[in-house]
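In what follows, a structure is listed as structure tokens, so that the remarks can point back to it.
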There are 2 protein chains.
Amino acid sequence: MTYSAIDLIETKRDGGVLSSDAIGWLIAAYTDGSVADYQMSAMAMAILLNGMNNEELAAWTEAMLHSGEVMDFSDIAAAKIDKHSTGGVGDKISIPLVPMVAACGVLIPMISGRGLGHTGGTLDKLESIPGFTTSLDAYRFRTLLIEHGLVLAGASETMVPADRKLYALRDTTGTVPSIPLIASSIMSKKLAEGLDGLLLDVKTGSGASIKKLDQSRELAHTMVGIGAVHGVNTVAFITTMDQPLGHEVGNANEIRESIDVLRGHGPADVTELTMVFGETMLELAGIEGGRDRLDEAIQSGAALQKFIEVVEAHGGDPLVIDDPSLLAVAPREAVVVAPDSGYVTRCDALTIGTVATHLGAGRERKEDTIDPGVGITLKAKHGDTVHQGDPLAIVHYSDESKWEAQRGTLETAWSISDELTRSQDLIIERIDASAL
Amino acid sequence: MTYSAIDLIETKRDGGVLSSDAIGWLIAAYTDGSVADYQMSAMAMAILLNGMNNEELAAWTEAMLHSGEVMDFSDIAAAKIDKHSTGGVGDKISIPLVPMVAACGVLIPMISGRGLGHTGGTLDKLESIPGFTTSLDAYRFRTLLIEHGLVLAGASETMVPADRKLYALRDTTGTVPSIPLIASSIMSKKLAEGLDGLLLDVKTGSGASIKKLDQSRELAHTMVGIGAVHGVNTVAFITTMDQPLGHEVGNANEIRESIDVLRGHGPADVTELTMVFGETMLELAGIEGGRDRLDEAIQSGAALQKFIEVVEAHGGDPLVIDDPSLLAVAPREAVVVAPDSGYVTRCDALTIGTVATHLGAGRERKEDTIDPGVGITLKAKHGDTVHQGDPLAIVHYSDESKWEAQRGTLETAWSISDELTRSQDLIIERIDASAL
């Protein structure tokens, strides 16, 4: 059936409900260009302000998912499990996590994204490994998955084209923070991977794209619900993103820290999330005794070996994994020091992520290139004791004028007090289909 | 100062207030194309759903007004007064009204619009007079105003270009029925005429673009408020548009009925509105004894003479005013008859206006041409007594298949009952600056 875009916009504007058939038409017509960007942006604003119910959301996700090619690995017996994070600062968890889980026999057809705003992107981090390519066609994707049990790719042009278009439109029209639109965007891309199970890390706090706990919880519930409708067992964790994860923020230096985790001596917070997520992914794959298997994969070196194997399969130089000092380091170094003595009561993820982006670790405009050697190494985080003059962070940068413009902002990222304050738990909540 | 369109959309989306400076930037940037249609449509939807306060509305109107050329007649001593209607069916009031008021010494620099949806447009009606041109440059506009005291033109490309763009965008994005956007669109165009006073006819009821009385009242208050901010004395009347005004709906036949009013024998409802509006326009011009002057202008023939003079100045054939039977009449005729005897309790403006449009009296798409001879002559309106088989309307049309498709719909426009029902007052309310 054919609909009028204006009628559908008016229905949503007036608080009405769109039929599944109408949503299917709209997404197809937007993908082929017969519904214009200026109509879809008015619709997106109406959805942001008036919401969508569960039926509309299911139809919207289904229509996005089927706007392009959908992978099918049902002929491969092993469980296909993926993980997605809504994005944070220093959030390199996927990089140590997936080789560890793949080393335990789970297939991971992971499609990742690039950095957005102040948050880094897995693809950008991987590309700081010389030669690493994330652009694979469907045949090569399948081959790598079968041969190595793990693929770390970017989305191809033919997968979920409706999301590609709508995402870029939302980014320029103030229509990003809509829970149904965020949930359907993430889930349509993940469902196109042909998964059996999915782990979602929904960040909350200053450095997250969604800062309020109740909204993060709503997003998690919404995505677990979409997974259930599509028969993909989905578990979401709500985790804190008030301060960066680990000690490293940037691209090459986050790869270095990921290798530390794979060698069994990563920072406590990164290691904790990696192990909990790894256990859960094994549980989703129906594999018991997950924690022991993961410990064994670290101790035996199997996890690190899997990472080296996959880096090589993606065209990357495996020598840098053995010797991470070969990874890029920006030429200039500066130290931010503690202005007072006391307890660190705040180490703000948003500020640190924003400064790293401005220094070149992220993009301010889509066409910007990443400087892989730019990074911030944190020397003091929440709960640490510092003395006046102690280093809070070491910054590696390339451009003196950019650093001069950012130094003052970076210094505001820490608060130091005489009284120690309690930090938020790293893992706040686990939500699975039993919560629906 | 330079703003980011995304920031401004987000402010309005989240229920915030836009500064006057920001609104000025937005409208200028939209006019020159640096803010995209897809951004402005998201903003329009956010405004529709979250509103604008009085300061924002004043700034929005001001920015629209100054997006192009603004007329300045301050060197001409006589009062410049105009009238605007939000549009109805059979609403030809401007056509007899303005020659009558101009004959009393008021200058009227009227810029009118074309038909929209089921409502007719003054420009389309005037163009059913052979030769009449409504497209004038600024020099010719001023010359006609000085020489004849009355101009009946369409908007030039250089006047209020922001409204021209935004109006077309709203029409295709479900963002028409926003009171601040409607009010600023109307008032920016009228304020660009360099007026001293303005009379607004805000229609309410089935045949109006705004159907609910409380919303019509809010629109009237809003526009009177904008007039006050800009120093233009503005009076609004809220008038009923449940059934068509007068007996004629179409283009040439509405010109014929207008001439009847100018000759002193128009239908009661059209004559009443014309006289009340005329008195008010004279009052706005500071001219006392308005009713007597208007009666005199009719009795003496001065009002009709003014119309003939202005038709000729616009290139129109003045002979058709002396002999309206020379105006176009579509070749085919059909009669709609009463199915029962009784009182007419409904003669629905929306239905009649929609049928007239589909028969060719209006446009279904922007590129359609008007058939000036198509029209519906009403033989029975609310309160009339009819006997079974009496004519309810005589329809003139050109295309048999169009008529066959519309006949059934037109027949539903009347209700006939044994009980006489009271009709809504024609003039519901007068709102002026004292009500603010």
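Order determines the names: the first chain of the structure tokens is A, the second B, and so forth; residues in each chain are numbered 1 upward, and ligands are numbered 1 upward as they are shown.
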
Next on the checklist: Please extract the residues of range 54-261 of chain B with a backbone DSSP assignment of helix (DSSP H, G or I) and present them as a VMD selection string.
Outcome noted: chain B and resid 54 to 65 94 to 102 122 to 126 138 to 148 161 to 171 179 to 191 213 to 229 252 to 261

Item to check | All strand (DSSP E or B) residues (DSSP, backbone) inside range 164-278 of chain A, as a PyMOL selection string | outcome: chain A and resi 197-204+233-240+248-250

Next on the checklist: Using only C-alpha atoms and a distance of at most 10 Å, pull out the residues of chain B that contact chain A, as an MDAnalysis selection string.
Outcome noted: chainID B and resid 4:14 36:46 48:50 169:177

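Considering only C-alpha atoms, the residue among A:Ala349, A:Ile226, A:Leu294, A:Ile238 positioned nearest to Leu436 in chain A is A:Ile226.
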
Neighbours of Glu312 in chain B within 8 Å (only C-alpha atoms; same-chain residues fewer than 5 positions away dropped), as a compact mmCIF listing (two decimals) with C-alpha atoms, in the first residue's frame?
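Listing of part11.txt after writing:
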# COMPACT_ATOMS: atom_id res chain seq x y z
CA PHE B 132 -6.27 41.37 -14.89
CA ASP B 317 -11.34 44.52 -18.98
CA PRO B 318 -13.70 47.05 -17.28

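CA of Val261 in chain A to CA of Tyr397 in chain A spans 24.7 Å [interatomic distance, one decimal].
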
Item to check | Spatial neighbours of range 255-259 of chain A, max dist 9 Å, only C-alpha atoms, sep filter under 6 positions, as a ChimeraX atom specification | outcome: /A:92-97,125-126,128-129,246-248,265-267,270,304,307,321-322,324-325,327

Checklist outcome for this item: Nearest to Ile308 in chain B, restricted to only C-alpha atoms and choosing among B:Met100, B:Leu392, B:Leu123, B:Val202, comes out as B:Met100

Checklist entry - Using only C-alpha atoms, which of the listed residues (A:Gly383, A:Gly264, A:Gly360, A:Pro99) sits closest to Asp399 in chain A? => result A:Gly360

Checklist entry - Neighbours of Ser67 in chain A within 12 Å (only C-alpha atoms; same-chain residues fewer than 2 positions away dropped), as a ChimeraX atom specification? => result /A:23-32,60-65,69-70,157-166,188-189,192

Selection from above, C-alpha atoms, as an mmCIF file, in the first residue's frame, can you write it?
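Saved as out_5.cif:
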data_model
loop_
_atom_site.group_PDB
_atom_site.id
_atom_site.type_symbol
_atom_site.label_atom_id
_atom_site.label_comp_id
_atom_site.auth_asym_id
_atom_site.auth_seq_id
_atom_site.Cartn_x
_atom_site.Cartn_y
_atom_site.Cartn_z
ATOM 1 C CA ILE A 23 6.249 2.255 8.891
ATOM 2 C CA GLY A 24 7.461 -0.313 6.366
ATOM 3 C CA TRP A 25 6.413 2.001 3.540
ATOM 4 C CA LEU A 26 8.035 5.051 5.163
ATOM 5 C CA ILE A 27 11.443 3.437 5.742
ATOM 6 C CA ALA A 28 11.505 1.951 2.218
ATOM 7 C CA ALA A 29 10.446 5.269 0.677
ATOM 8 C CA TYR A 30 13.056 7.160 2.709
ATOM 9 C CA THR A 31 15.762 4.682 1.673
ATOM 10 C CA ASP A 32 14.932 5.063 -2.036
ATOM 11 C CA TRP A 60 10.491 0.384 12.681
ATOM 12 C CA THR A 61 13.460 -1.865 13.601
ATOM 13 C CA GLU A 62 12.257 -4.614 11.253
ATOM 14 C CA ALA A 63 11.909 -2.132 8.383
ATOM 15 C CA MET A 64 15.390 -0.668 9.006
ATOM 16 C CA LEU A 65 16.926 -4.138 9.273
ATOM 17 C CA GLU A 69 21.501 -6.950 3.074
ATOM 18 C CA VAL A 70 21.038 -9.194 6.134
ATOM 19 C CA GLU A 157 27.333 0.196 2.227
ATOM 20 C CA THR A 158 24.726 -2.481 1.595
ATOM 21 C CA MET A 159 23.876 -3.220 5.240
ATOM 22 C CA VAL A 160 21.059 -1.236 6.883
ATOM 23 C CA PRO A 161 21.222 1.704 4.412
ATOM 24 C CA ALA A 162 18.145 3.269 6.066
ATOM 25 C CA ASP A 163 20.091 3.617 9.307
ATOM 26 C CA ARG A 164 23.113 5.068 7.537
ATOM 27 C CA LYS A 165 20.902 7.813 6.050
ATOM 28 C CA LEU A 166 18.777 8.408 9.119
ATOM 29 C CA SER A 188 18.770 -3.018 13.358
ATOM 30 C CA LYS A 189 22.527 -3.043 12.743
ATOM 31 C CA ALA A 192 21.604 -7.704 10.488
#

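Every protein, DNA or RNA residue with an atom at most 7 Å from His387 in chain A, where only C-alpha atoms count and chain neighbours fewer than 5 positions away do not, is listed here: A:Ala338, A:Asp340, A:Ser341, A:Gly342.
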
Next on the checklist: Neighbouring residues of Met223 in chain A were defined as those with any atom within 9 Å, considering only C-alpha atoms; residues of the same chain fewer than 5 positions away were excluded. Please report them as a list in words.
Outcome noted: Pro180, Ala183, Ser184, Ile186, Met187, Leu200, Glu218, Ala228, Thr234 and Ala236 of chain A

The selected residues should be written to file as a PDB file, in the first residue's frame (atoms: C-alpha atoms).
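Wrote it out as result_8.pdb, contents follow:
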ATOM      1  CA  PRO A 180      13.169   4.464  20.214  1.00  0.00           C
ATOM      2  CA  ALA A 183      17.369   1.538  20.162  1.00  0.00           C
ATOM      3  CA  SER A 184      16.159   0.774  16.629  1.00  0.00           C
ATOM      4  CA  ILE A 186      21.614  -0.054  17.280  1.00  0.00           C
ATOM      5  CA  MET A 187      19.429  -3.146  17.118  1.00  0.00           C
ATOM      6  CA  LEU A 200      24.760  -4.695  25.358  1.00  0.00           C
ATOM      7  CA  GLU A 218      14.763   2.618  29.534  1.00  0.00           C
ATOM      8  CA  ALA A 228      13.353 -10.807  22.266  1.00  0.00           C
ATOM      9  CA  THR A 234      19.912 -10.203  24.579  1.00  0.00           C
ATOM     10  CA  ALA A 236      22.146  -5.578  28.792  1.00  0.00           C
TER      11      ALA A 236
END
